2 protein chains.
Amino acid sequence: MNALVTTPKPPYYVVIFSSVKSENDDGYSEMSARLLELVINQDGFLGVESARNEIGITVSYWESLDAIQKWKDNRVHKMARKKGREKWYDKFTVRIARVEREYGFNSE
Amino acid sequence: MNALVTTPKPPYYVVIFSSVKSENDDGYSEMSARLLELVINQDGFLGVESARNEIGITVSYWESLDAIQKWKDNRVHKMARKKGREKWYDKFTVRIARVEREYGFNSE
(Lines give C-alpha, C1' and ligand atoms only; values in the text may rest on other atoms or scores of the structure.)
Protein backbone atom coordinates (compact mmCIF):
# COMPACT_ATOMS: atom_id res chain seq x y z
CA MET A 1 0.00 0.00 0.00
CA ASN A 2 1.86 3.10 -1.10
CA ALA A 3 -0.73 5.57 -2.26
CA LEU A 4 -2.75 8.20 -0.50
CA VAL A 5 -6.51 7.80 -0.54
CA THR A 6 -8.72 10.24 -2.41
CA THR A 7 -11.84 10.97 -0.39
CA PRO A 8 -15.06 12.88 -1.18
CA LYS A 9 -15.97 16.26 0.28
CA PRO A 10 -16.40 16.13 4.06
CA PRO A 11 -18.24 15.17 6.11
CA TYR A 12 -17.26 11.51 6.13
CA TYR A 13 -15.83 9.26 8.84
CA VAL A 14 -12.47 7.77 9.77
CA VAL A 15 -11.40 4.91 11.97
CA ILE A 16 -7.90 5.48 13.34
CA PHE A 17 -6.27 2.28 14.56
CA SER A 18 -3.00 2.92 16.45
CA SER A 19 -1.15 -0.16 17.61
CA VAL A 20 1.93 -1.73 19.09
CA LYS A 21 2.56 -5.23 17.70
CA SER A 22 3.53 -8.18 19.84
CA GLU A 23 6.38 -10.38 18.65
CA ASN A 24 3.87 -12.95 17.42
CA ASP A 25 3.35 -12.63 13.66
CA ASP A 26 1.77 -16.06 13.24
CA GLY A 27 -0.98 -15.70 10.63
CA TYR A 28 -0.84 -11.91 10.78
CA SER A 29 0.03 -11.04 7.19
CA GLU A 30 -2.43 -13.63 5.82
CA MET A 31 -5.20 -12.10 7.92
CA SER A 32 -4.21 -8.55 6.90
CA ALA A 33 -4.44 -9.52 3.24
CA ARG A 34 -7.79 -11.25 3.78
CA LEU A 35 -9.25 -8.27 5.64
CA LEU A 36 -8.09 -5.89 2.92
CA GLU A 37 -9.82 -8.02 0.28
CA LEU A 38 -13.02 -8.03 2.31
CA VAL A 39 -13.07 -4.39 3.36
CA ILE A 40 -12.69 -3.18 -0.22
CA ASN A 41 -16.10 -4.68 -0.95
CA GLN A 42 -17.88 -3.25 2.07
CA ASP A 43 -20.66 -0.74 1.40
CA GLY A 44 -19.56 2.75 2.32
CA PHE A 45 -15.82 1.98 2.38
CA LEU A 46 -13.80 4.85 0.89
CA GLY A 47 -10.21 3.66 1.30
CA VAL A 48 -7.45 2.88 3.77
CA GLU A 49 -3.94 4.15 4.49
CA SER A 50 -1.44 2.33 6.65
CA ALA A 51 2.11 2.83 7.94
CA ARG A 52 4.22 1.05 10.51
CA ASN A 53 7.64 1.39 12.06
CA GLU A 54 7.83 1.64 15.88
CA ILE A 55 4.05 1.84 16.04
CA GLY A 56 1.42 1.12 13.42
CA ILE A 57 -1.26 3.53 12.26
CA THR A 58 -4.08 2.45 9.97
CA VAL A 59 -6.67 5.00 8.93
CA SER A 60 -9.76 3.75 7.10
CA TYR A 61 -12.27 6.12 5.51
CA TRP A 62 -16.02 5.57 5.52
CA GLU A 63 -19.19 7.21 4.23
CA SER A 64 -21.09 6.82 7.50
CA LEU A 65 -21.09 5.48 11.06
CA ASP A 66 -23.52 2.84 9.88
CA ALA A 67 -21.00 1.55 7.32
CA ILE A 68 -18.36 1.36 10.09
CA GLN A 69 -20.74 -0.61 12.29
CA LYS A 70 -21.52 -3.08 9.50
CA TRP A 71 -17.81 -3.72 8.98
CA LYS A 72 -17.41 -4.18 12.73
CA ASP A 73 -20.12 -6.87 12.56
CA ASN A 74 -18.39 -8.75 9.73
CA ARG A 75 -17.68 -12.33 10.83
CA VAL A 76 -14.08 -12.51 9.61
CA HIS A 77 -13.33 -9.07 10.98
CA LYS A 78 -14.65 -10.17 14.39
CA MET A 79 -12.44 -13.26 14.34
CA ALA A 80 -9.47 -11.08 13.33
CA ARG A 81 -10.07 -8.71 16.25
CA LYS A 82 -10.22 -11.64 18.67
CA LYS A 83 -6.90 -12.99 17.37
CA GLY A 84 -5.48 -9.49 17.43
CA ARG A 85 -6.09 -9.24 21.18
CA GLU A 86 -4.90 -12.80 21.82
CA LYS A 87 -1.78 -12.81 19.66
CA TRP A 88 -0.77 -9.96 17.42
CA TYR A 89 -0.99 -6.80 19.51
CA ASP A 90 0.47 -5.68 22.80
CA LYS A 91 -1.87 -2.73 22.76
CA PHE A 92 -4.00 -0.64 20.46
CA THR A 93 -6.40 2.27 20.42
CA VAL A 94 -9.34 2.70 18.05
CA ARG A 95 -10.81 6.14 17.45
CA ILE A 96 -13.84 6.95 15.34
CA ALA A 97 -13.98 10.50 14.08
CA ARG A 98 -15.99 12.71 11.76
CA VAL A 99 -13.87 14.51 9.17
CA GLU A 100 -14.85 18.16 8.97
CA ARG A 101 -12.13 19.65 6.79
CA GLU A 102 -9.64 18.35 4.24
CA TYR A 103 -6.96 19.86 2.05
CA GLY A 104 -4.01 18.56 0.16
CA PHE A 105 -0.91 19.19 -1.88
CA ASN A 106 0.46 17.47 -4.95
CA SER A 107 3.76 18.53 -6.48
CA GLU A 108 2.92 17.00 -9.89
CA MET B 1 8.35 8.00 19.08
CA ASN B 2 7.17 4.53 20.01
CA ALA B 3 4.28 4.97 22.39
CA LEU B 4 0.57 5.34 21.90
CA VAL B 5 -1.03 8.55 23.10
CA THR B 6 -3.50 8.56 25.97
CA THR B 7 -6.33 10.96 25.25
CA PRO B 8 -9.23 12.27 27.36
CA LYS B 9 -12.86 11.27 26.86
CA PRO B 10 -14.21 12.36 23.47
CA PRO B 11 -15.05 14.73 21.98
CA TYR B 12 -11.64 16.07 21.02
CA TYR B 13 -10.01 16.70 17.65
CA VAL B 14 -7.41 15.08 15.43
CA VAL B 15 -5.29 16.25 12.55
CA ILE B 16 -4.41 13.37 10.24
CA PHE B 17 -1.42 14.15 8.03
CA SER B 18 -0.87 11.49 5.33
CA SER B 19 2.15 12.03 3.12
CA VAL B 20 4.48 10.74 0.46
CA LYS B 21 8.03 12.07 0.95
CA SER B 22 10.17 13.35 -1.87
CA GLU B 23 13.77 12.17 -2.07
CA ASN B 24 14.94 15.45 -0.56
CA ASP B 25 15.64 15.04 3.16
CA ASP B 26 17.68 18.23 3.49
CA GLY B 27 16.86 19.73 6.88
CA TYR B 28 13.88 17.45 7.33
CA SER B 29 14.80 15.62 10.54
CA GLU B 30 16.03 18.84 12.18
CA MET B 31 12.71 20.52 11.38
CA SER B 32 10.74 17.49 12.62
CA ALA B 33 12.58 17.62 15.94
CA ARG B 34 12.07 21.37 16.23
CA LEU B 35 8.35 21.13 15.49
CA LEU B 36 7.94 18.36 18.05
CA GLU B 37 9.61 20.52 20.70
CA LEU B 38 7.31 23.42 19.85
CA VAL B 39 4.06 21.52 19.51
CA ILE B 40 4.44 19.90 22.92
CA ASN B 41 4.14 23.34 24.47
CA GLN B 42 1.08 24.44 22.49
CA ASP B 43 -2.09 25.08 24.44
CA GLY B 44 -4.61 22.36 23.83
CA PHE B 45 -2.11 19.84 22.43
CA LEU B 46 -2.88 16.29 23.64
CA GLY B 47 -0.23 14.21 21.88
CA VAL B 48 1.01 12.89 18.56
CA GLU B 49 1.56 9.48 16.96
CA SER B 50 3.59 8.92 13.83
CA ALA B 51 4.57 6.03 11.56
CA ARG B 52 6.24 5.82 8.17
CA ASN B 53 7.20 3.20 5.67
CA GLU B 54 5.85 3.53 2.10
CA ILE B 55 3.73 6.45 3.22
CA GLY B 56 3.81 8.51 6.40
CA ILE B 57 0.88 9.04 8.75
CA THR B 58 1.06 11.52 11.62
CA VAL B 59 -1.96 11.93 13.87
CA SER B 60 -1.96 14.80 16.36
CA TYR B 61 -4.60 15.14 19.07
CA TRP B 62 -6.09 18.45 20.19
CA GLU B 63 -8.60 19.80 22.68
CA SER B 64 -10.33 22.10 20.19
CA LEU B 65 -10.42 23.47 16.65
CA ASP B 66 -9.15 26.74 18.10
CA ALA B 67 -6.02 25.03 19.42
CA ILE B 68 -5.41 23.52 15.97
CA GLN B 69 -5.79 26.94 14.35
CA LYS B 70 -3.31 28.52 16.76
CA TRP B 71 -0.73 25.86 15.95
CA LYS B 72 -1.40 26.45 12.24
CA ASP B 73 -0.59 30.13 12.82
CA ASN B 74 2.72 29.37 14.56
CA ARG B 75 5.56 31.08 12.67
CA VAL B 76 7.95 28.11 12.62
CA HIS B 77 5.14 25.74 11.69
CA LYS B 78 4.22 28.02 8.76
CA MET B 79 7.83 28.04 7.58
CA ALA B 80 7.95 24.24 7.91
CA ARG B 81 4.81 23.84 5.80
CA LYS B 82 6.26 26.08 3.10
CA LYS B 83 9.47 24.01 2.99
CA GLY B 84 7.39 20.86 3.07
CA ARG B 85 5.66 21.83 -0.16
CA GLU B 86 8.88 23.07 -1.76
CA LYS B 87 11.20 20.25 -0.78
CA TRP B 88 10.19 17.39 1.46
CA TYR B 89 6.88 16.08 0.14
CA ASP B 90 5.66 14.83 -3.21
CA LYS B 91 2.13 14.94 -1.88
CA PHE B 92 0.14 15.05 1.28
CA THR B 93 -3.39 15.27 2.62
CA VAL B 94 -4.46 16.95 5.85
CA ARG B 95 -7.75 16.02 7.50
CA ILE B 96 -9.27 17.59 10.57
CA ALA B 97 -11.77 15.43 12.39
CA ARG B 98 -13.79 15.33 15.59
CA VAL B 99 -13.29 12.15 17.61
CA GLU B 100 -16.64 10.78 18.74
CA ARG B 101 -15.71 7.38 20.16
CA GLU B 102 -12.58 5.73 21.48
CA TYR B 103 -11.71 2.33 22.91
CA GLY B 104 -8.55 0.41 23.47
CA PHE B 105 -6.80 -2.76 24.48
CA ASN B 106 -3.72 -3.36 26.57
CA SER B 107 -2.38 -6.86 27.11
CA GLU B 108 -0.48 -5.89 30.26
# chains A, B, ... in the order shown; residues from 1 in each chain; ligands from 1
call {"tool": "residues_around", "arguments": {"residues": "segment 46-56 of chain B", "least_positions_apart": "3", "cutoff": "9 Å", "atoms": "only C-alpha atoms", "output": "NGL selection string"}}
result
(:A and (1-4 or 18 or 49-57)) or (:B and (1-8 or 17-21 or 36 or 39-40 or 43 or 59-63))
call {"tool": "closest_atom_pairs", "arguments": {"of": "chain A", "to": "chain B", "cutoff": "6 Å", "atoms": "only C-alpha atoms", "output": "Markdown table"}}
result
| residue | atom | partner | partner_atom | distance |
| --- | --- | --- | --- | --- |
| A:Asn2 | CA | B:Glu54 | CA | 5.1 |
| A:Ala51 | CA | B:Arg52 | CA | 5.1 |
| A:Arg52 | CA | B:Ala51 | CA | 5.1 |
| A:Asn53 | CA | B:Ala51 | CA | 5.6 |
| A:Glu54 | CA | B:Asn2 | CA | 5.1 |
| A:Ile55 | CA | B:Asn2 | CA | 5.7 |
| A:Asp90 | CA | B:Ser107 | CA | 5.3 |
| A:Lys91 | CA | B:Asn106 | CA | 4.3 |
| A:Phe92 | CA | B:Phe105 | CA | 5.3 |
| A:Thr93 | CA | B:Gly104 | CA | 4.2 |
| A:Val94 | CA | B:Tyr103 | CA | 5.4 |
| A:Arg95 | CA | B:Glu102 | CA | 4.4 |
| A:Ile96 | CA | B:Arg101 | CA | 5.2 |
| A:Ala97 | CA | B:Val99 | CA | 4.0 |
| A:Arg98 | CA | B:Ala97 | CA | 5.1 |
| A:Val99 | CA | B:Ala97 | CA | 4.0 |
| A:Glu100 | CA | B:Ala97 | CA | 5.4 |
| A:Arg101 | CA | B:Ile96 | CA | 5.2 |
| A:Glu102 | CA | B:Arg95 | CA | 4.4 |
| A:Tyr103 | CA | B:Val94 | CA | 5.4 |
| A:Gly104 | CA | B:Thr93 | CA | 4.2 |
| A:Phe105 | CA | B:Lys91 | CA | 5.2 |
| A:Asn106 | CA | B:Lys91 | CA | 4.3 |
| A:Ser107 | CA | B:Asp90 | CA | 5.3 |
call {"tool": "residues_around", "arguments": {"residues": "His77 of chain B", "least_positions_apart": "3", "cutoff": "12 Å", "atoms": "only C-alpha atoms", "output": "list in words"}}
result
Met31, Ser32, Ala33, Arg34, Leu35, Leu36, Glu37, Leu38, Val39, Gln42, Ile68, Gln69, Lys70, Trp71, Lys72, Asp73, Asn74, Ala80, Arg81, Lys82, Lys83 and Gly84 of chain B
call {"tool": "select_by_dssp", "arguments": {"residues": "chain A", "states": "strand (DSSP E)", "output": "MDAnalysis selection string"}}
result
chainID A and resid 12:21 45:52 56:62 89:106
call {"tool": "atom_distance", "arguments": {"atom1": "atom CA of Phe45 of chain B", "atom2": "atom CA of Gly27 of chain B"}}
result
24.5 Å
